[in-house]
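**Q** Have a look at the structure that comes next, please.
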Amino acid sequence: MKILKLILKDLRSVFTDPKIVAILVIMPMVLTSILGLALSGVFSNEYTVHPFNIAIVKQYDNHNFKSRFEDTISQSFLGAGISEDDIKAMSKGIADIDIEAVFFEEFFGSEEIKEMVHYDIVGFNTAMRGLEKNTYSAAIVLPENFLMDSYINMLTPFRNEIEIQVFKNPNNRMTASITEDLMKAYSDTFSSLTISKNVLVQQFAKYDMLDQGMQQMDDFMEAFSMNENNMDIEIVPIEGKKTIGSMSYYAISMMTLFLLFSAAQGSTLLLDEKKSYTLQRMMVAGYKHYQIVMGKYIVVFAIAVLQMMSMMIYSRIAFNVVWGDLASVLVVVILSAFAIAGLGTLFSVITLKMGNYSLATAMESVVFQIFGLVGGAYIPVQVLPEMLQRFSVVPINGVSLQAFMQIMAGSSLADISRELLIILANGIIFTAIAIIITTKERGKGHANRFKVRSKEA
């Protein structure tokens, strides 16, 4: 009953202070509205990729290529066992299929890719400078033997490895990765057709009909046309998962960020009471030290829960944000409040022990801002540098954000068990440290509990 009176007293004190209400409740609502509306295009359900530029470097020479192809086949080990007539038959295929035209006109010239990717054919040094100056998202380097090996793979029974290099601009990771995926798609298509062709060529050669076979491969060569394959690029969400819009994202990110400020608010409770002599009066009235600390813990827990519930209700009414399965959401709310209450109580005990507000000020002004950035409060974690992404689950706000987002997207509690365990571990560790510090203070005797000293009259 005594603890309940302490809790009600502290809650009245907190929620009758307009400044505290503005920081913990109104401010996250305002920021969610501003950021969610301002950045709605970034989180649009219609995924779009703005056109970007790439460089293509041709290191091969296509001058007088047909004769060089015949010489390469006849003068190398590839020509072993192949007659001159067969080599002539193979070289006729060069007139039937233009590898360069397929690559530049049909592949990168297709309507779907052309709307997204603009390419410049430049030298290697120019391409590298373009990457450094962010002119290009990526640079594709076609090797010296690109044409020769491509034709050998397409027109002979043999296969040579073709190594196409893709240099990616680290400042344009998304579009650079798209370029890499496009080249993989080209390579996979080319390899698939080469394997199919080799089966046919081997059968023709087996019956000594290579010349006749090559003459009848026009239909097969037409299959290599990228336009015939009607390549269509579409980005779709994973089946069973919902898309997270801008308003939904910032409702979660601002809510979890301001949970940290709930902990900061709780960190000053004990020192405030000491400075106003309320703490001394409570101890004289017979309150135990653990009762006082437990009261602060429950107060921070209640503030965190009320803060999260108010944000959920506001976002649901104002912007129709659907938070997902209610039971799963409540589990994350309770665990997040548990962790924040442990953090706030730990700060409160340390602040009282220090006798000043420097810790709370430093946490609010510096540490929590860094936690907000790393945890994805301001911009999605996915667009942060890779090093920062690794630390996104360190701050409580970051791991809570990931848990709420996954539930909103349709994941179950089993799917987010990792995040739940991290949140729970945070709460246990913070609470345990607070208890240890409090226990040490208790061991110093009743007169020195919490370092409370009465002034002489």
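Identifiers for the structure tokens are assigned positionally: chains receive A, B, ... in sequence, residues are indexed from 1 per chain, and ligands are indexed from 1 in the order shown.
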Using only C-alpha atoms, determine which residues lie at most 12 Å from Ala341 (chain A), disregarding the query and same-chain residues fewer than 5 positions distant; provide the list as number ranges by chain.
**A** A: 259-267, 293-305, 333-336, 346-348, 396, 423-424, 426-432, 434
**Q** I want to know what sits within 12 Å of Arg316 (chain A), based on only C-alpha atoms, with residues of the same chain fewer than 4 positions away left out; could you give that as JSON, numbers by chain?
**A** {"A": [29, 247, 248, 251, 252, 309, 310, 311, 312, 320, 321, 322, 323, 324]}
**Q** Leaving out Ser137 (chain A) and any residue of its chain fewer than 5 positions from it, which residues lie within 6 Å of it when counting only C-alpha atoms, given as a PyMOL selection string?
**A** chain A and resi 54+169+172+176
**Q** If you keep all heavy atoms, can you produce a file of those selected residues as a compact mmCIF listing (two decimals), in the first residue's frame?
**A**
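Writing the result to part.txt gives the following:
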# COMPACT_ATOMS: atom_id res chain seq x y z
N ILE A 54 25.40 4.55 -65.11
CA ILE A 54 26.51 3.62 -64.94
C ILE A 54 27.50 3.82 -66.09
O ILE A 54 27.16 4.42 -67.12
CB ILE A 54 26.04 2.15 -64.91
CG1 ILE A 54 25.46 1.75 -66.27
CG2 ILE A 54 25.05 1.91 -63.80
CD1 ILE A 54 25.18 0.26 -66.39
N ASN A 169 29.76 1.80 -56.48
CA ASN A 169 29.94 3.04 -55.72
C ASN A 169 29.35 2.85 -54.33
O ASN A 169 28.14 2.65 -54.20
CB ASN A 169 29.24 4.20 -56.44
CG ASN A 169 29.52 5.55 -55.79
OD1 ASN A 169 29.86 5.62 -54.62
ND2 ASN A 169 29.38 6.60 -56.56
N ASN A 172 26.24 4.80 -53.36
CA ASN A 172 24.97 4.49 -54.04
C ASN A 172 24.75 2.98 -54.00
O ASN A 172 24.70 2.31 -55.03
CB ASN A 172 25.01 4.99 -55.49
CG ASN A 172 25.15 6.49 -55.59
OD1 ASN A 172 24.21 7.23 -55.36
ND2 ASN A 172 26.34 6.95 -55.91
N ALA A 176 23.84 0.48 -57.13
CA ALA A 176 25.01 -0.33 -57.48
C ALA A 176 24.67 -1.81 -57.40
O ALA A 176 25.08 -2.61 -58.25
CB ALA A 176 26.18 0.00 -56.55
**Q** For Met148 (chain A), which residue out of A:Ser13, A:Asn125, A:Ser411, A:Asn160 is the nearest one, using only C-alpha atoms?
**A** A:Asn160
**Q** Would you mind telling me which residue in A:Phe107, A:Met254, A:Arg159, A:Lys133 lies nearest to Thr189 (chain A) when using only C-alpha atoms?
**A**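 So, comparing all the options, the nearest one is A:Phe107.
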**Q** Can you pull out every residue within 10 Å of Val331 (chain A), counting only C-alpha atoms, but drop anything in the same chain fewer than 5 positions away, and send it as a list of chain:residue names?
**A**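 Non-adjacent residues within range: A:Leu326, A:Ser336, A:Ala337, A:Leu413, A:Leu420.
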**Q** Output N, CA and C atoms for every residue in that selection, as a tab-separated table (two decimals), in the first residue's frame.
**A**
chain	number	residue	atom	x	y	z
A	326	LEU	N	-2.63	-7.91	-31.78
A	326	LEU	CA	-2.69	-7.20	-30.51
A	326	LEU	C	-1.89	-7.90	-29.42
A	336	SER	N	9.49	-4.02	-23.61
A	336	SER	CA	10.19	-2.75	-23.83
A	336	SER	C	10.09	-1.86	-22.60
A	337	ALA	N	8.91	-1.81	-21.99
A	337	ALA	CA	8.74	-1.02	-20.78
A	337	ALA	C	9.57	-1.59	-19.64
A	413	LEU	N	5.46	-14.00	-32.86
A	413	LEU	CA	6.41	-13.86	-31.75
A	413	LEU	C	7.60	-14.79	-31.94
A	420	LEU	N	13.15	-10.26	-28.89
A	420	LEU	CA	12.54	-10.31	-27.56
A	420	LEU	C	13.56	-10.69	-26.49
**Q** Which one of A:Met154, A:Leu279, A:Ile379, A:Ala55 sits closest to Thr179 (chain A) if you count only C-alpha atoms?
**A** A:Ala55
**Q** Would you compute the distance between CA of Ile113 (chain A) and CA of Tyr60 (chain A)? Give it in Å to one decimal.
**A**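 Computing it gives 23.8 Å between the two atoms.
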**Q** Grab the CA of Gly372 (chain A) to CA of Leu257 (chain A) distance for me, in Å with one decimal place.
**A** 5.9 Å
**Q** Select, from A:Tyr314, A:Met282, A:Ala409, A:Ser392, the residue with the minimum atom-to-atom distance to Met255 (chain A), counting only C-alpha atoms.
**A** A:Tyr314
**Q** Please return as a ChimeraX atom specification: the residues of region 105-163 of chain A that backbone DSSP assigns to strand (DSSP E or B).
**A** /A:117-121,138-142
**Q** How about saving the chosen residues, N, CA and C atoms kept, as a short mmCIF file (atom, residue, chain, number, x, y, z; two decimals), in the first residue's frame?
**A**
data_model
loop_
_atom_site.label_atom_id
_atom_site.label_comp_id
_atom_site.auth_asym_id
_atom_site.auth_seq_id
_atom_site.Cartn_x
_atom_site.Cartn_y
_atom_site.Cartn_z
N VAL A 117 18.13 2.51 -66.17
CA VAL A 117 19.59 2.60 -66.23
C VAL A 117 20.02 3.37 -67.48
N HIS A 118 20.85 4.38 -67.26
CA HIS A 118 21.49 5.10 -68.37
C HIS A 118 22.98 4.76 -68.35
N TYR A 119 23.53 4.37 -69.50
CA TYR A 119 24.94 3.99 -69.51
C TYR A 119 25.75 4.86 -70.45
N ASP A 120 27.02 5.04 -70.08
CA ASP A 120 28.00 5.72 -70.93
C ASP A 120 29.14 4.74 -71.20
N ILE A 121 29.57 4.64 -72.44
CA ILE A 121 30.73 3.82 -72.79
C ILE A 121 31.97 4.71 -72.66
N ALA A 138 27.76 2.63 -60.68
CA ALA A 138 28.58 1.43 -60.85
C ALA A 138 29.30 1.52 -62.19
N ALA A 139 30.34 0.72 -62.32
CA ALA A 139 31.08 0.63 -63.59
C ALA A 139 31.21 -0.84 -63.97
N ILE A 140 30.80 -1.16 -65.19
CA ILE A 140 30.89 -2.53 -65.70
C ILE A 140 32.09 -2.60 -66.64
N VAL A 141 32.99 -3.54 -66.37
CA VAL A 141 34.20 -3.69 -67.19
C VAL A 141 34.10 -4.99 -67.97
N LEU A 142 33.96 -4.86 -69.29
CA LEU A 142 33.92 -6.04 -70.16
C LEU A 142 35.35 -6.39 -70.53
#
**Q** Tell me which protein, DNA and RNA residues are within 9 Å of Met116 (chain A), counting only C-alpha atoms, leaving out same-chain ones fewer than 5 positions away, and put them as a PyMOL selection string.
**A** chain A and resi 49-53+111
**Q** Work out how far apart CA of Lys9 (chain A) and CA of Val25 (chain A) are and give it in Å to one decimal.
**A** 19.4 Å
